[in-house]
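S.K.: Next up, model_33.cif (mmCIF, N, CA and C atoms and all ligand atoms).
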data_query
loop_
_atom_site.label_atom_id
_atom_site.label_comp_id
_atom_site.auth_asym_id
_atom_site.auth_seq_id
_atom_site.Cartn_x
_atom_site.Cartn_y
_atom_site.Cartn_z
N MET A 1 136.36 -9.79 106.89
CA MET A 1 135.00 -9.92 107.45
C MET A 1 135.03 -10.60 108.82
N LEU A 2 135.87 -11.65 108.87
CA LEU A 2 136.00 -12.36 110.14
C LEU A 2 136.54 -11.43 111.22
N LEU A 3 137.51 -10.61 110.79
CA LEU A 3 138.10 -9.66 111.74
C LEU A 3 137.02 -8.70 112.25
N LYS A 4 136.17 -8.27 111.33
CA LYS A 4 135.12 -7.33 111.72
C LYS A 4 134.20 -7.96 112.78
N LYS A 5 133.86 -9.22 112.52
CA LYS A 5 133.02 -9.92 113.50
C LYS A 5 133.70 -10.01 114.86
N PHE A 6 135.00 -10.28 114.78
CA PHE A 6 135.76 -10.40 116.03
C PHE A 6 135.75 -9.08 116.79
N VAL A 7 135.97 -7.99 116.05
CA VAL A 7 136.01 -6.67 116.70
C VAL A 7 134.65 -6.34 117.31
N ILE A 8 133.60 -6.63 116.55
CA ILE A 8 132.26 -6.34 117.08
C ILE A 8 132.00 -7.19 118.33
N GLY A 9 132.43 -8.44 118.26
CA GLY A 9 132.26 -9.32 119.42
C GLY A 9 133.01 -8.80 120.63
N LEU A 10 134.22 -8.36 120.38
CA LEU A 10 135.05 -7.84 121.47
C LEU A 10 134.42 -6.59 122.08
N LEU A 11 133.92 -5.72 121.21
CA LEU A 11 133.31 -4.49 121.70
C LEU A 11 132.09 -4.80 122.56
N SER A 12 131.30 -5.79 122.15
CA SER A 12 130.10 -6.04 122.94
C SER A 12 130.45 -6.68 124.28
N VAL A 13 131.53 -7.44 124.31
CA VAL A 13 131.99 -7.98 125.61
C VAL A 13 132.44 -6.82 126.50
N LEU A 14 133.21 -5.90 125.93
CA LEU A 14 133.69 -4.77 126.72
C LEU A 14 132.53 -3.92 127.23
N SER A 15 131.52 -3.77 126.40
CA SER A 15 130.41 -2.91 126.81
C SER A 15 129.60 -3.54 127.95
N LEU A 16 129.75 -4.83 128.14
CA LEU A 16 129.05 -5.49 129.25
C LEU A 16 129.79 -5.32 130.57
N MET A 17 131.07 -4.98 130.51
CA MET A 17 131.87 -4.97 131.73
C MET A 17 131.38 -4.01 132.82
N PRO A 18 130.96 -2.79 132.47
CA PRO A 18 130.47 -1.91 133.55
C PRO A 18 129.25 -2.51 134.25
N VAL A 19 128.43 -3.23 133.51
CA VAL A 19 127.25 -3.85 134.11
C VAL A 19 127.68 -4.87 135.16
N VAL A 20 128.71 -5.64 134.82
CA VAL A 20 129.22 -6.65 135.75
C VAL A 20 129.73 -5.99 137.03
N SER A 21 130.53 -4.90 136.87
CA SER A 21 131.08 -4.30 138.08
C SER A 21 129.99 -3.61 138.89
N MET A 22 128.93 -3.11 138.24
CA MET A 22 127.83 -2.52 139.00
C MET A 22 127.14 -3.56 139.88
N ALA A 23 127.04 -4.77 139.34
CA ALA A 23 126.37 -5.83 140.09
C ALA A 23 127.11 -6.14 141.39
N GLU A 24 128.41 -5.85 141.43
CA GLU A 24 129.19 -6.12 142.63
C GLU A 24 129.17 -4.95 143.60
N SER A 25 128.57 -3.83 143.20
CA SER A 25 128.65 -2.64 144.03
C SER A 25 127.65 -2.71 145.19
N GLN A 26 127.74 -1.71 146.07
CA GLN A 26 126.92 -1.71 147.27
C GLN A 26 125.69 -0.84 147.10
N THR A 27 124.78 -0.95 148.06
CA THR A 27 123.65 -0.02 148.11
C THR A 27 123.63 0.60 149.51
N THR A 28 122.77 1.60 149.67
CA THR A 28 122.65 2.27 150.96
C THR A 28 122.03 1.36 152.02
N LEU A 29 121.62 0.16 151.63
CA LEU A 29 121.10 -0.80 152.61
C LEU A 29 122.21 -1.60 153.27
N ASP A 30 123.45 -1.40 152.82
CA ASP A 30 124.57 -2.23 153.29
C ASP A 30 125.38 -1.62 154.45
N GLY A 31 124.87 -0.57 155.09
CA GLY A 31 125.63 0.04 156.19
C GLY A 31 126.86 0.76 155.68
N VAL A 32 126.67 1.74 154.81
CA VAL A 32 127.80 2.37 154.11
C VAL A 32 128.27 3.68 154.75
N PHE A 33 127.71 4.01 155.92
CA PHE A 33 128.17 5.21 156.64
C PHE A 33 128.21 4.87 158.12
N ASN A 34 128.92 5.69 158.91
CA ASN A 34 129.01 5.34 160.34
C ASN A 34 128.35 6.40 161.23
N GLN A 35 128.27 6.06 162.52
CA GLN A 35 127.53 6.90 163.46
C GLN A 35 128.19 8.26 163.65
N LEU A 36 129.51 8.29 163.62
CA LEU A 36 130.22 9.57 163.78
C LEU A 36 129.79 10.56 162.69
N GLN A 37 129.67 10.04 161.47
CA GLN A 37 129.25 10.91 160.37
C GLN A 37 127.81 11.40 160.57
N VAL A 38 126.97 10.51 161.07
CA VAL A 38 125.57 10.90 161.31
C VAL A 38 125.52 12.03 162.33
N ASP A 39 126.27 11.89 163.43
CA ASP A 39 126.25 12.90 164.48
C ASP A 39 126.78 14.25 163.97
N ARG A 40 127.86 14.17 163.21
CA ARG A 40 128.40 15.41 162.64
C ARG A 40 127.43 16.02 161.63
N GLY A 41 126.85 15.16 160.82
CA GLY A 41 125.90 15.61 159.80
C GLY A 41 124.69 16.30 160.42
N GLU A 42 124.25 15.77 161.54
CA GLU A 42 123.10 16.36 162.21
C GLU A 42 123.40 17.81 162.62
N LYS A 43 124.58 18.02 163.15
CA LYS A 43 124.98 19.38 163.55
C LYS A 43 125.12 20.30 162.33
N LEU A 44 125.67 19.75 161.26
CA LEU A 44 125.86 20.56 160.05
C LEU A 44 124.51 20.98 159.46
N VAL A 45 123.58 20.03 159.41
CA VAL A 45 122.25 20.35 158.86
C VAL A 45 121.58 21.42 159.72
N ALA A 46 121.72 21.29 161.06
CA ALA A 46 121.13 22.30 161.95
C ALA A 46 121.74 23.67 161.66
N LYS A 47 123.03 23.68 161.39
CA LYS A 47 123.72 24.96 161.23
C LYS A 47 123.53 25.57 159.84
N TYR A 48 123.60 24.71 158.80
CA TYR A 48 123.67 25.25 157.44
C TYR A 48 122.41 25.03 156.59
N CYS A 49 121.50 24.21 157.03
CA CYS A 49 120.37 23.86 156.17
C CYS A 49 119.02 24.16 156.82
N ALA A 50 118.99 24.12 158.15
CA ALA A 50 117.70 24.13 158.85
C ALA A 50 116.95 25.45 158.70
N GLN A 51 117.66 26.53 158.40
CA GLN A 51 116.92 27.78 158.26
C GLN A 51 116.00 27.76 157.04
N CYS A 52 116.27 26.86 156.08
CA CYS A 52 115.42 26.76 154.89
C CYS A 52 114.68 25.42 154.80
N HIS A 53 115.21 24.38 155.38
CA HIS A 53 114.59 23.05 155.27
C HIS A 53 114.36 22.49 156.66
N ASP A 54 113.12 22.07 156.97
CA ASP A 54 113.03 21.28 158.19
C ASP A 54 113.36 19.83 157.87
N GLN A 55 113.59 19.06 158.91
CA GLN A 55 114.12 17.71 158.73
C GLN A 55 113.27 16.87 157.78
N SER A 56 111.96 17.05 157.86
CA SER A 56 111.07 16.19 157.05
C SER A 56 111.29 16.39 155.55
N TYR A 57 111.87 17.54 155.18
CA TYR A 57 112.16 17.77 153.76
C TYR A 57 113.07 16.69 153.20
N PHE A 58 113.96 16.16 154.06
CA PHE A 58 114.95 15.19 153.60
C PHE A 58 114.47 13.74 153.73
N GLN A 59 113.22 13.57 154.10
CA GLN A 59 112.72 12.21 154.30
C GLN A 59 111.74 11.81 153.20
N ASP A 60 111.46 10.53 153.18
CA ASP A 60 110.40 9.95 152.35
C ASP A 60 110.49 10.33 150.88
N VAL A 61 109.59 11.17 150.43
CA VAL A 61 109.47 11.45 149.00
C VAL A 61 110.79 11.92 148.40
N PHE A 62 111.48 12.77 149.17
CA PHE A 62 112.74 13.30 148.65
C PHE A 62 113.70 12.19 148.29
N LEU A 63 113.98 11.30 149.24
CA LEU A 63 114.98 10.27 148.95
C LEU A 63 114.44 9.22 147.98
N GLN A 64 113.15 8.98 148.04
CA GLN A 64 112.55 8.04 147.07
C GLN A 64 112.83 8.49 145.64
N SER A 65 112.81 9.78 145.43
CA SER A 65 113.02 10.28 144.07
C SER A 65 114.45 10.05 143.59
N TRP A 66 115.33 9.71 144.53
CA TRP A 66 116.73 9.44 144.16
C TRP A 66 117.04 7.96 144.09
N GLN A 67 116.04 7.12 144.35
CA GLN A 67 116.30 5.68 144.35
C GLN A 67 116.87 5.24 143.01
N PHE A 68 117.79 4.31 143.08
CA PHE A 68 118.45 3.69 141.92
C PHE A 68 119.49 4.59 141.27
N GLN A 69 119.64 5.79 141.77
CA GLN A 69 120.76 6.61 141.32
C GLN A 69 121.94 6.37 142.27
N THR A 70 123.11 6.83 141.88
CA THR A 70 124.27 6.62 142.77
C THR A 70 124.29 7.70 143.85
N VAL A 71 124.96 7.37 144.95
CA VAL A 71 125.17 8.36 146.01
C VAL A 71 125.97 9.54 145.47
N GLN A 72 126.86 9.23 144.52
CA GLN A 72 127.65 10.30 143.91
C GLN A 72 126.75 11.36 143.25
N ALA A 73 125.72 10.93 142.59
CA ALA A 73 124.83 11.87 141.89
C ALA A 73 124.16 12.82 142.90
N LEU A 74 123.71 12.26 144.00
CA LEU A 74 123.07 13.09 145.02
C LEU A 74 124.09 14.02 145.69
N TYR A 75 125.25 13.48 145.97
CA TYR A 75 126.34 14.27 146.56
C TYR A 75 126.67 15.47 145.66
N ASP A 76 126.84 15.19 144.37
CA ASP A 76 127.18 16.26 143.42
C ASP A 76 126.10 17.32 143.37
N GLU A 77 124.86 16.88 143.35
CA GLU A 77 123.72 17.80 143.27
C GLU A 77 123.70 18.73 144.49
N ILE A 78 123.85 18.13 145.67
CA ILE A 78 123.80 18.94 146.89
C ILE A 78 125.01 19.88 146.95
N GLN A 79 126.17 19.36 146.59
CA GLN A 79 127.36 20.21 146.64
C GLN A 79 127.26 21.38 145.65
N ALA A 80 126.67 21.11 144.49
CA ALA A 80 126.60 22.15 143.46
C ALA A 80 125.53 23.20 143.75
N THR A 81 124.52 22.85 144.56
CA THR A 81 123.39 23.78 144.71
C THR A 81 123.14 24.27 146.14
N MET A 82 123.73 23.59 147.14
CA MET A 82 123.37 23.90 148.52
C MET A 82 124.59 24.18 149.38
N PRO A 83 124.52 24.98 150.45
CA PRO A 83 123.36 25.80 150.82
C PRO A 83 123.03 26.79 149.70
N ARG A 84 121.79 27.02 149.50
CA ARG A 84 121.29 27.82 148.41
C ARG A 84 122.01 29.17 148.28
N ASP A 85 122.27 29.78 149.43
CA ASP A 85 122.89 31.10 149.42
C ASP A 85 124.42 31.03 149.28
N GLN A 86 124.99 29.79 149.38
CA GLN A 86 126.45 29.65 149.29
C GLN A 86 126.83 28.24 148.84
N PRO A 87 126.47 27.87 147.62
CA PRO A 87 126.73 26.50 147.15
C PRO A 87 128.21 26.13 147.24
N GLY A 88 128.46 24.87 147.64
CA GLY A 88 129.83 24.38 147.68
C GLY A 88 130.65 24.89 148.83
N SER A 89 130.03 25.58 149.78
CA SER A 89 130.81 26.22 150.85
C SER A 89 131.22 25.27 151.96
N LEU A 90 130.61 24.08 152.01
CA LEU A 90 131.05 23.10 153.01
C LEU A 90 132.23 22.31 152.45
N LYS A 91 132.96 21.65 153.36
CA LYS A 91 134.06 20.79 152.92
C LYS A 91 133.49 19.49 152.32
N ASP A 92 134.28 18.84 151.48
CA ASP A 92 133.86 17.57 150.90
C ASP A 92 133.41 16.60 151.99
N ARG A 93 134.24 16.51 153.01
CA ARG A 93 133.94 15.62 154.13
C ARG A 93 132.59 15.96 154.77
N GLN A 94 132.29 17.25 154.84
CA GLN A 94 131.04 17.67 155.48
C GLN A 94 129.83 17.33 154.63
N TYR A 95 129.94 17.40 153.30
CA TYR A 95 128.81 16.99 152.46
C TYR A 95 128.53 15.50 152.66
N ALA A 96 129.60 14.72 152.85
CA ALA A 96 129.40 13.28 153.11
C ALA A 96 128.69 13.08 154.45
N GLU A 97 129.02 13.90 155.42
CA GLU A 97 128.39 13.79 156.74
C GLU A 97 126.92 14.20 156.67
N VAL A 98 126.63 15.23 155.90
CA VAL A 98 125.23 15.63 155.69
C VAL A 98 124.46 14.47 155.07
N LEU A 99 125.07 13.81 154.09
CA LEU A 99 124.40 12.66 153.46
C LEU A 99 124.17 11.53 154.45
N ALA A 100 125.18 11.26 155.29
CA ALA A 100 125.03 10.19 156.28
C ALA A 100 123.84 10.49 157.19
N PHE A 101 123.71 11.75 157.59
CA PHE A 101 122.56 12.12 158.43
C PHE A 101 121.25 11.93 157.68
N ILE A 102 121.20 12.40 156.44
CA ILE A 102 119.97 12.25 155.64
C ILE A 102 119.61 10.76 155.50
N PHE A 103 120.61 9.93 155.25
CA PHE A 103 120.33 8.49 155.13
C PHE A 103 119.78 7.93 156.43
N SER A 104 120.37 8.36 157.55
CA SER A 104 119.96 7.78 158.83
C SER A 104 118.51 8.14 159.16
N ILE A 105 118.07 9.33 158.81
CA ILE A 105 116.68 9.69 159.13
C ILE A 105 115.70 9.08 158.13
N ASN A 106 116.22 8.34 157.18
CA ASN A 106 115.38 7.57 156.27
C ASN A 106 115.48 6.07 156.58
N ASP A 107 115.86 5.77 157.84
CA ASP A 107 115.91 4.39 158.33
C ASP A 107 116.92 3.51 157.61
N LEU A 108 117.92 4.11 157.04
CA LEU A 108 118.98 3.30 156.42
C LEU A 108 119.98 2.90 157.51
N PRO A 109 120.54 1.70 157.40
CA PRO A 109 121.37 1.17 158.48
C PRO A 109 122.74 1.82 158.60
N VAL A 110 123.13 2.08 159.85
CA VAL A 110 124.47 2.59 160.15
C VAL A 110 125.44 1.41 160.13
N GLY A 111 126.65 1.63 159.60
CA GLY A 111 127.65 0.57 159.57
C GLY A 111 128.90 0.97 160.33
N GLU A 112 129.98 0.27 160.09
CA GLU A 112 131.25 0.55 160.75
C GLU A 112 132.10 1.52 159.94
N GLU A 113 132.12 1.30 158.64
CA GLU A 113 132.98 2.09 157.77
C GLU A 113 132.34 3.44 157.50
N LYS A 114 133.19 4.45 157.27
CA LYS A 114 132.60 5.75 156.93
C LYS A 114 132.24 5.79 155.45
N LEU A 115 131.27 6.63 155.16
CA LEU A 115 130.88 6.86 153.78
C LEU A 115 132.08 7.49 153.08
N ASP A 116 132.63 6.77 152.12
CA ASP A 116 133.89 7.17 151.52
C ASP A 116 133.64 8.02 150.28
N TYR A 117 133.85 9.32 150.45
CA TYR A 117 133.55 10.26 149.37
C TYR A 117 134.73 10.46 148.43
N LYS A 118 135.86 9.79 148.73
CA LYS A 118 137.05 9.97 147.90
C LYS A 118 137.16 8.89 146.84
N ASN A 119 137.96 9.16 145.82
CA ASN A 119 138.32 8.15 144.82
C ASN A 119 137.13 7.47 144.15
N GLY A 120 136.07 8.23 143.94
CA GLY A 120 134.93 7.65 143.23
C GLY A 120 134.17 6.61 144.01
N GLY A 121 134.41 6.52 145.32
CA GLY A 121 133.72 5.51 146.13
C GLY A 121 132.20 5.63 146.08
N LEU A 122 131.70 6.87 146.04
CA LEU A 122 130.24 7.06 146.06
C LEU A 122 129.59 6.62 144.75
N GLU A 123 130.41 6.53 143.71
CA GLU A 123 129.92 6.07 142.41
C GLU A 123 129.51 4.60 142.48
N GLN A 124 130.08 3.88 143.45
CA GLN A 124 129.83 2.43 143.57
C GLN A 124 128.64 2.10 144.45
N ILE A 125 128.01 3.14 145.01
CA ILE A 125 126.90 2.87 145.95
C ILE A 125 125.59 3.40 145.35
N THR A 126 124.63 2.51 145.23
CA THR A 126 123.32 2.87 144.69
C THR A 126 122.37 3.21 145.83
N ILE A 127 121.56 4.23 145.64
CA ILE A 127 120.58 4.61 146.66
C ILE A 127 119.39 3.65 146.62
N ARG A 128 119.19 2.95 147.71
CA ARG A 128 118.03 2.07 147.87
C ARG A 128 117.41 2.36 149.23
N LEU A 129 116.11 2.20 149.32
CA LEU A 129 115.42 2.41 150.59
C LEU A 129 114.86 1.09 151.10
N PRO A 130 114.68 0.99 152.42
CA PRO A 130 114.17 -0.26 153.00
C PRO A 130 112.79 -0.61 152.44
C1 LIG A 201 118.88 29.88 151.94
C2 LIG A 201 117.98 28.74 151.88
C3 LIG A 201 118.55 27.36 151.72
C4 LIG A 201 119.57 26.78 152.45
C5 LIG A 201 120.42 27.39 153.54
C6 LIG A 201 119.65 25.42 152.01
N1 LIG A 201 118.73 25.18 151.03
FE1 LIG A 201 118.41 23.41 150.06
N2 LIG A 201 116.97 24.28 148.89
C7 LIG A 201 116.54 25.58 149.02
C8 LIG A 201 115.49 25.81 148.05
C9 LIG A 201 114.74 27.13 147.87
C10 LIG A 201 115.33 24.59 147.34
C11 LIG A 201 114.33 24.25 146.25
C12 LIG A 201 114.57 24.99 145.01
C13 LIG A 201 115.43 24.25 144.09
O1 LIG A 201 115.16 23.06 143.78
O2 LIG A 201 116.42 24.82 143.62
C14 LIG A 201 116.26 23.67 147.90
C15 LIG A 201 116.40 22.35 147.47
C16 LIG A 201 117.22 21.41 148.07
C17 LIG A 201 117.33 20.04 147.68
C18 LIG A 201 116.58 19.37 146.55
C19 LIG A 201 117.45 19.33 145.34
C20 LIG A 201 116.94 18.35 144.34
O3 LIG A 201 117.31 18.53 143.18
O4 LIG A 201 116.22 17.44 144.68
C21 LIG A 201 118.20 19.44 148.52
C22 LIG A 201 118.66 17.99 148.54
C23 LIG A 201 118.68 20.46 149.42
N3 LIG A 201 118.05 21.64 149.13
C24 LIG A 201 119.59 20.22 150.42
C25 LIG A 201 120.13 21.21 151.23
C26 LIG A 201 121.18 20.97 152.20
C27 LIG A 201 121.80 19.62 152.50
C28 LIG A 201 121.45 22.17 152.78
C29 LIG A 201 122.51 22.45 153.82
C30 LIG A 201 123.87 22.07 153.51
C31 LIG A 201 120.58 23.15 152.17
N4 LIG A 201 119.79 22.54 151.24
C32 LIG A 201 120.56 24.49 152.50
C33 LIG A 201 117.00 26.51 149.91
C34 LIG A 201 118.04 26.33 150.82
#
Go ahead and render the structure in this file as structure tokens.

M.R.:
Amino acid sequence: MLLKKFVIGLLSVLSLMPVVSMAESQTTLDGVFNQLQVDRGEKLVAKYCAQCHDQSYFQDVFLQSWQFQTVQALYDEIQATMPRDQPGSLKDRQYAEVLAFIFSINDLPVGEEKLDYKNGGLEQITIRLP
């Protein structure tokens, strides 16, 4: 019985661990993308998205609806569905650049480091708006 209590105790400690590491993660308010990505993203959106979406589509209500989700979730969604006529046709790096541009037109701060789309980095960043 004591062992059972110990195991249950151990499991509940383990189940708290992801919460702890989330608390240490970043948000889009922390300058998580750089200007180079924004500039590239702007060109990509003009080339691959603008025929169906004007810029305002990516502002305000759109990004608000993604608040508190991870950047990874939004990245995956866009990569899986867009451009509508050719989903997944951009490079991984380019989807990150598109995101950097979308963030910048929502008044999110530009930083020094690039938005790191590799190794689960986007999983650590929560979407927050000013
Ligand atoms: C050929 C037209 C077309 C192109 C090109 C296109 N889209 Fe879309 N997009 C749509 C349509 C139509 C919808 C809404 C229907 C839907 O939700 O499936 C949409 C919806 C979206 C959404 C909302 C998805 C959601 O679940 O909130 C996002 C974000 C998006 N597009 C981003 C992009 C980006 C970024 C590009 C360029 C890389 C792009 N789209 C290119 C037609 C297009």

S.K.: Let me have the centre and edge lengths in Å, one decimal, of the box along x, y and z around every listed atom of ligand LIG 201 (chain A) with 5 Å of margin on each side, as lines of an AutoDock Vina configuration file.

M.R.:
center_x = 119.1
center_y = 23.7
center_z = 148.5
size_x = 19.5
size_y = 22.4
size_z = 20.6

S.K.: List all protein, DNA and RNA residues that have at least one atom no more than 8 Å from any atom of ligand LIG 201 (chain A), counting only C-alpha atoms and all ligand atoms, and write them as number ranges by chain.

M.R.: A: 44-45, 47-53, 58, 62, 65, 74, 77-79, 81-86, 90, 95, 98-99

S.K.: Write the residues you've just listed into a file as an mmCIF file, in the coordinates of the input, and include N, CA and C atoms for each of them.

M.R.:
data_model
loop_
_atom_site.group_PDB
_atom_site.id
_atom_site.type_symbol
_atom_site.label_atom_id
_atom_site.label_comp_id
_atom_site.auth_asym_id
_atom_site.auth_seq_id
_atom_site.Cartn_x
_atom_site.Cartn_y
_atom_site.Cartn_z
ATOM 1 N N LEU A 44 125.670 19.750 161.260
ATOM 2 C CA LEU A 44 125.860 20.560 160.050
ATOM 3 C C LEU A 44 124.510 20.980 159.460
ATOM 4 N N VAL A 45 123.580 20.030 159.410
ATOM 5 C CA VAL A 45 122.250 20.350 158.860
ATOM 6 C C VAL A 45 121.580 21.420 159.720
ATOM 7 N N LYS A 47 123.030 23.680 161.390
ATOM 8 C CA LYS A 47 123.720 24.960 161.230
ATOM 9 C C LYS A 47 123.530 25.570 159.840
ATOM 10 N N TYR A 48 123.600 24.710 158.800
ATOM 11 C CA TYR A 48 123.670 25.250 157.440
ATOM 12 C C TYR A 48 122.410 25.030 156.590
ATOM 13 N N CYS A 49 121.500 24.210 157.030
ATOM 14 C CA CYS A 49 120.370 23.860 156.170
ATOM 15 C C CYS A 49 119.020 24.160 156.820
ATOM 16 N N ALA A 50 118.990 24.120 158.150
ATOM 17 C CA ALA A 50 117.700 24.130 158.850
ATOM 18 C C ALA A 50 116.950 25.450 158.700
ATOM 19 N N GLN A 51 117.660 26.530 158.400
ATOM 20 C CA GLN A 51 116.920 27.780 158.260
ATOM 21 C C GLN A 51 116.000 27.760 157.040
ATOM 22 N N CYS A 52 116.270 26.860 156.080
ATOM 23 C CA CYS A 52 115.420 26.760 154.890
ATOM 24 C C CYS A 52 114.680 25.420 154.800
ATOM 25 N N HIS A 53 115.210 24.380 155.380
ATOM 26 C CA HIS A 53 114.590 23.050 155.270
ATOM 27 C C HIS A 53 114.360 22.490 156.660
ATOM 28 N N PHE A 58 113.960 16.160 154.060
ATOM 29 C CA PHE A 58 114.950 15.190 153.600
ATOM 30 C C PHE A 58 114.470 13.740 153.730
ATOM 31 N N PHE A 62 111.480 12.770 149.170
ATOM 32 C CA PHE A 62 112.740 13.300 148.650
ATOM 33 C C PHE A 62 113.700 12.190 148.290
ATOM 34 N N SER A 65 112.810 9.780 145.430
ATOM 35 C CA SER A 65 113.020 10.280 144.070
ATOM 36 C C SER A 65 114.450 10.050 143.590
ATOM 37 N N LEU A 74 123.710 12.260 144.000
ATOM 38 C CA LEU A 74 123.070 13.090 145.020
ATOM 39 C C LEU A 74 124.090 14.020 145.690
ATOM 40 N N GLU A 77 124.860 16.880 143.350
ATOM 41 C CA GLU A 77 123.720 17.800 143.270
ATOM 42 C C GLU A 77 123.700 18.730 144.490
ATOM 43 N N ILE A 78 123.850 18.130 145.670
ATOM 44 C CA ILE A 78 123.800 18.940 146.890
ATOM 45 C C ILE A 78 125.010 19.880 146.950
ATOM 46 N N GLN A 79 126.170 19.360 146.590
ATOM 47 C CA GLN A 79 127.360 20.210 146.640
ATOM 48 C C GLN A 79 127.260 21.380 145.650
ATOM 49 N N THR A 81 124.520 22.850 144.560
ATOM 50 C CA THR A 81 123.390 23.780 144.710
ATOM 51 C C THR A 81 123.140 24.270 146.140
ATOM 52 N N MET A 82 123.730 23.590 147.140
ATOM 53 C CA MET A 82 123.370 23.900 148.520
ATOM 54 C C MET A 82 124.590 24.180 149.380
ATOM 55 N N PRO A 83 124.520 24.980 150.450
ATOM 56 C CA PRO A 83 123.360 25.800 150.820
ATOM 57 C C PRO A 83 123.030 26.790 149.700
ATOM 58 N N ARG A 84 121.790 27.020 149.500
ATOM 59 C CA ARG A 84 121.290 27.820 148.410
ATOM 60 C C ARG A 84 122.010 29.170 148.280
ATOM 61 N N ASP A 85 122.270 29.780 149.430
ATOM 62 C CA ASP A 85 122.890 31.100 149.420
ATOM 63 C C ASP A 85 124.420 31.030 149.280
ATOM 64 N N GLN A 86 124.990 29.790 149.380
ATOM 65 C CA GLN A 86 126.450 29.650 149.290
ATOM 66 C C GLN A 86 126.830 28.240 148.840
ATOM 67 N N LEU A 90 130.610 24.080 152.010
ATOM 68 C CA LEU A 90 131.050 23.100 153.010
ATOM 69 C C LEU A 90 132.230 22.310 152.450
ATOM 70 N N TYR A 95 129.940 17.400 153.300
ATOM 71 C CA TYR A 95 128.810 16.990 152.460
ATOM 72 C C TYR A 95 128.530 15.500 152.660
ATOM 73 N N VAL A 98 126.630 15.230 155.900
ATOM 74 C CA VAL A 98 125.230 15.630 155.690
ATOM 75 C C VAL A 98 124.460 14.470 155.070
ATOM 76 N N LEU A 99 125.070 13.810 154.090
ATOM 77 C CA LEU A 99 124.400 12.660 153.460
ATOM 78 C C LEU A 99 124.170 11.530 154.450
#

S.K.: If we count all atoms listed in the file and set the cut-off at 6.5 Å, which residues sit around A:Lys114, ignoring sequence neighbours fewer than 3 positions away in its own chain? Please answer as a list in words.

M.R.: Val32, Phe33, Asn34, Gly111 and Tyr117 of chain A

S.K.: Run DSSP on the backbone of this structure and report the residues of stretch 27-64 of chain A it assigns to helix (DSSP H, G or I), as a ChimeraX atom specification.

M.R.: /A:28-30,35-48,55-58,61-64

S.K.: May I ask for the distance between atom CA of A:Gln26 and atom CA of A:Pro87, given in Å to one decimal place?

M.R.: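 Spanning atom CA of A:Gln26 to atom CA of A:Pro87 is a straight-line distance of 28.2 Å.
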
S.K.: May I ask for the distance between atom CA of A:Gln72 and atom N of A:Gln124, given in Å to one decimal place?

M.R.: 6.9 Å

S.K.: Would you work out the distance separating atom CA of A:Gln59 from atom C of A:Asn119, expressed in Å to one decimal?

M.R.: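 So the two atoms, atom CA of A:Gln59 and atom C of A:Asn119, lie 26.9 Å apart.
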
S.K.: Taking 5 positions as the minimum chain separation for residues in the same chain, which residues sit within 8 Å of A:Leu129 when counting all atoms listed in the file? Answer as a PDB file with N, CA and C atoms, in the frame of the given file.

M.R.:
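Result went into around_28.pdb, see below:
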ATOM      1  N   THR A  27     124.780  -0.950 148.060  1.00  0.00           N
ATOM      2  CA  THR A  27     123.650  -0.020 148.110  1.00  0.00           C
ATOM      3  C   THR A  27     123.630   0.600 149.510  1.00  0.00           C
ATOM      4  N   THR A  28     122.770   1.600 149.670  1.00  0.00           N
ATOM      5  CA  THR A  28     122.650   2.270 150.960  1.00  0.00           C
ATOM      6  C   THR A  28     122.030   1.360 152.020  1.00  0.00           C
ATOM      7  N   LEU A  29     121.620   0.160 151.630  1.00  0.00           N
ATOM      8  CA  LEU A  29     121.100  -0.800 152.610  1.00  0.00           C
ATOM      9  C   LEU A  29     122.210  -1.600 153.270  1.00  0.00           C
ATOM     10  N   LEU A  63     113.980  11.300 149.240  1.00  0.00           N
ATOM     11  CA  LEU A  63     114.980  10.270 148.950  1.00  0.00           C
ATOM     12  C   LEU A  63     114.440   9.220 147.980  1.00  0.00           C
ATOM     13  N   GLN A  64     113.150   8.980 148.040  1.00  0.00           N
ATOM     14  CA  GLN A  64     112.550   8.040 147.070  1.00  0.00           C
ATOM     15  C   GLN A  64     112.830   8.490 145.640  1.00  0.00           C
ATOM     16  N   TRP A  66     115.330   9.710 144.530  1.00  0.00           N
ATOM     17  CA  TRP A  66     116.730   9.440 144.160  1.00  0.00           C
ATOM     18  C   TRP A  66     117.040   7.960 144.090  1.00  0.00           C
ATOM     19  N   GLN A  67     116.040   7.120 144.350  1.00  0.00           N
ATOM     20  CA  GLN A  67     116.300   5.680 144.350  1.00  0.00           C
ATOM     21  C   GLN A  67     116.870   5.240 143.010  1.00  0.00           C
ATOM     22  N   PHE A  68     117.790   4.310 143.080  1.00  0.00           N
ATOM     23  CA  PHE A  68     118.450   3.690 141.920  1.00  0.00           C
ATOM     24  C   PHE A  68     119.490   4.590 141.270  1.00  0.00           C
ATOM     25  N   ASN A 106     116.220   8.340 157.180  1.00  0.00           N
ATOM     26  CA  ASN A 106     115.380   7.570 156.270  1.00  0.00           C
ATOM     27  C   ASN A 106     115.480   6.070 156.580  1.00  0.00           C
ATOM     28  N   ASP A 107     115.860   5.770 157.840  1.00  0.00           N
ATOM     29  CA  ASP A 107     115.910   4.390 158.330  1.00  0.00           C
ATOM     30  C   ASP A 107     116.920   3.510 157.610  1.00  0.00           C
ATOM     31  N   LEU A 108     117.920   4.110 157.040  1.00  0.00           N
ATOM     32  CA  LEU A 108     118.980   3.300 156.420  1.00  0.00           C
ATOM     33  C   LEU A 108     119.980   2.900 157.510  1.00  0.00           C
TER      34      LEU A 108
END

S.K.: Between A:Ser25, A:Gln35, A:Gly41, A:Asp116, which has the minimum distance to A:Phe101 (counting only N, CA and C atoms)?

M.R.: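 Nearest candidate to A:Phe101 out of A:Ser25, A:Gln35, A:Gly41, A:Asp116: A:Gly41.
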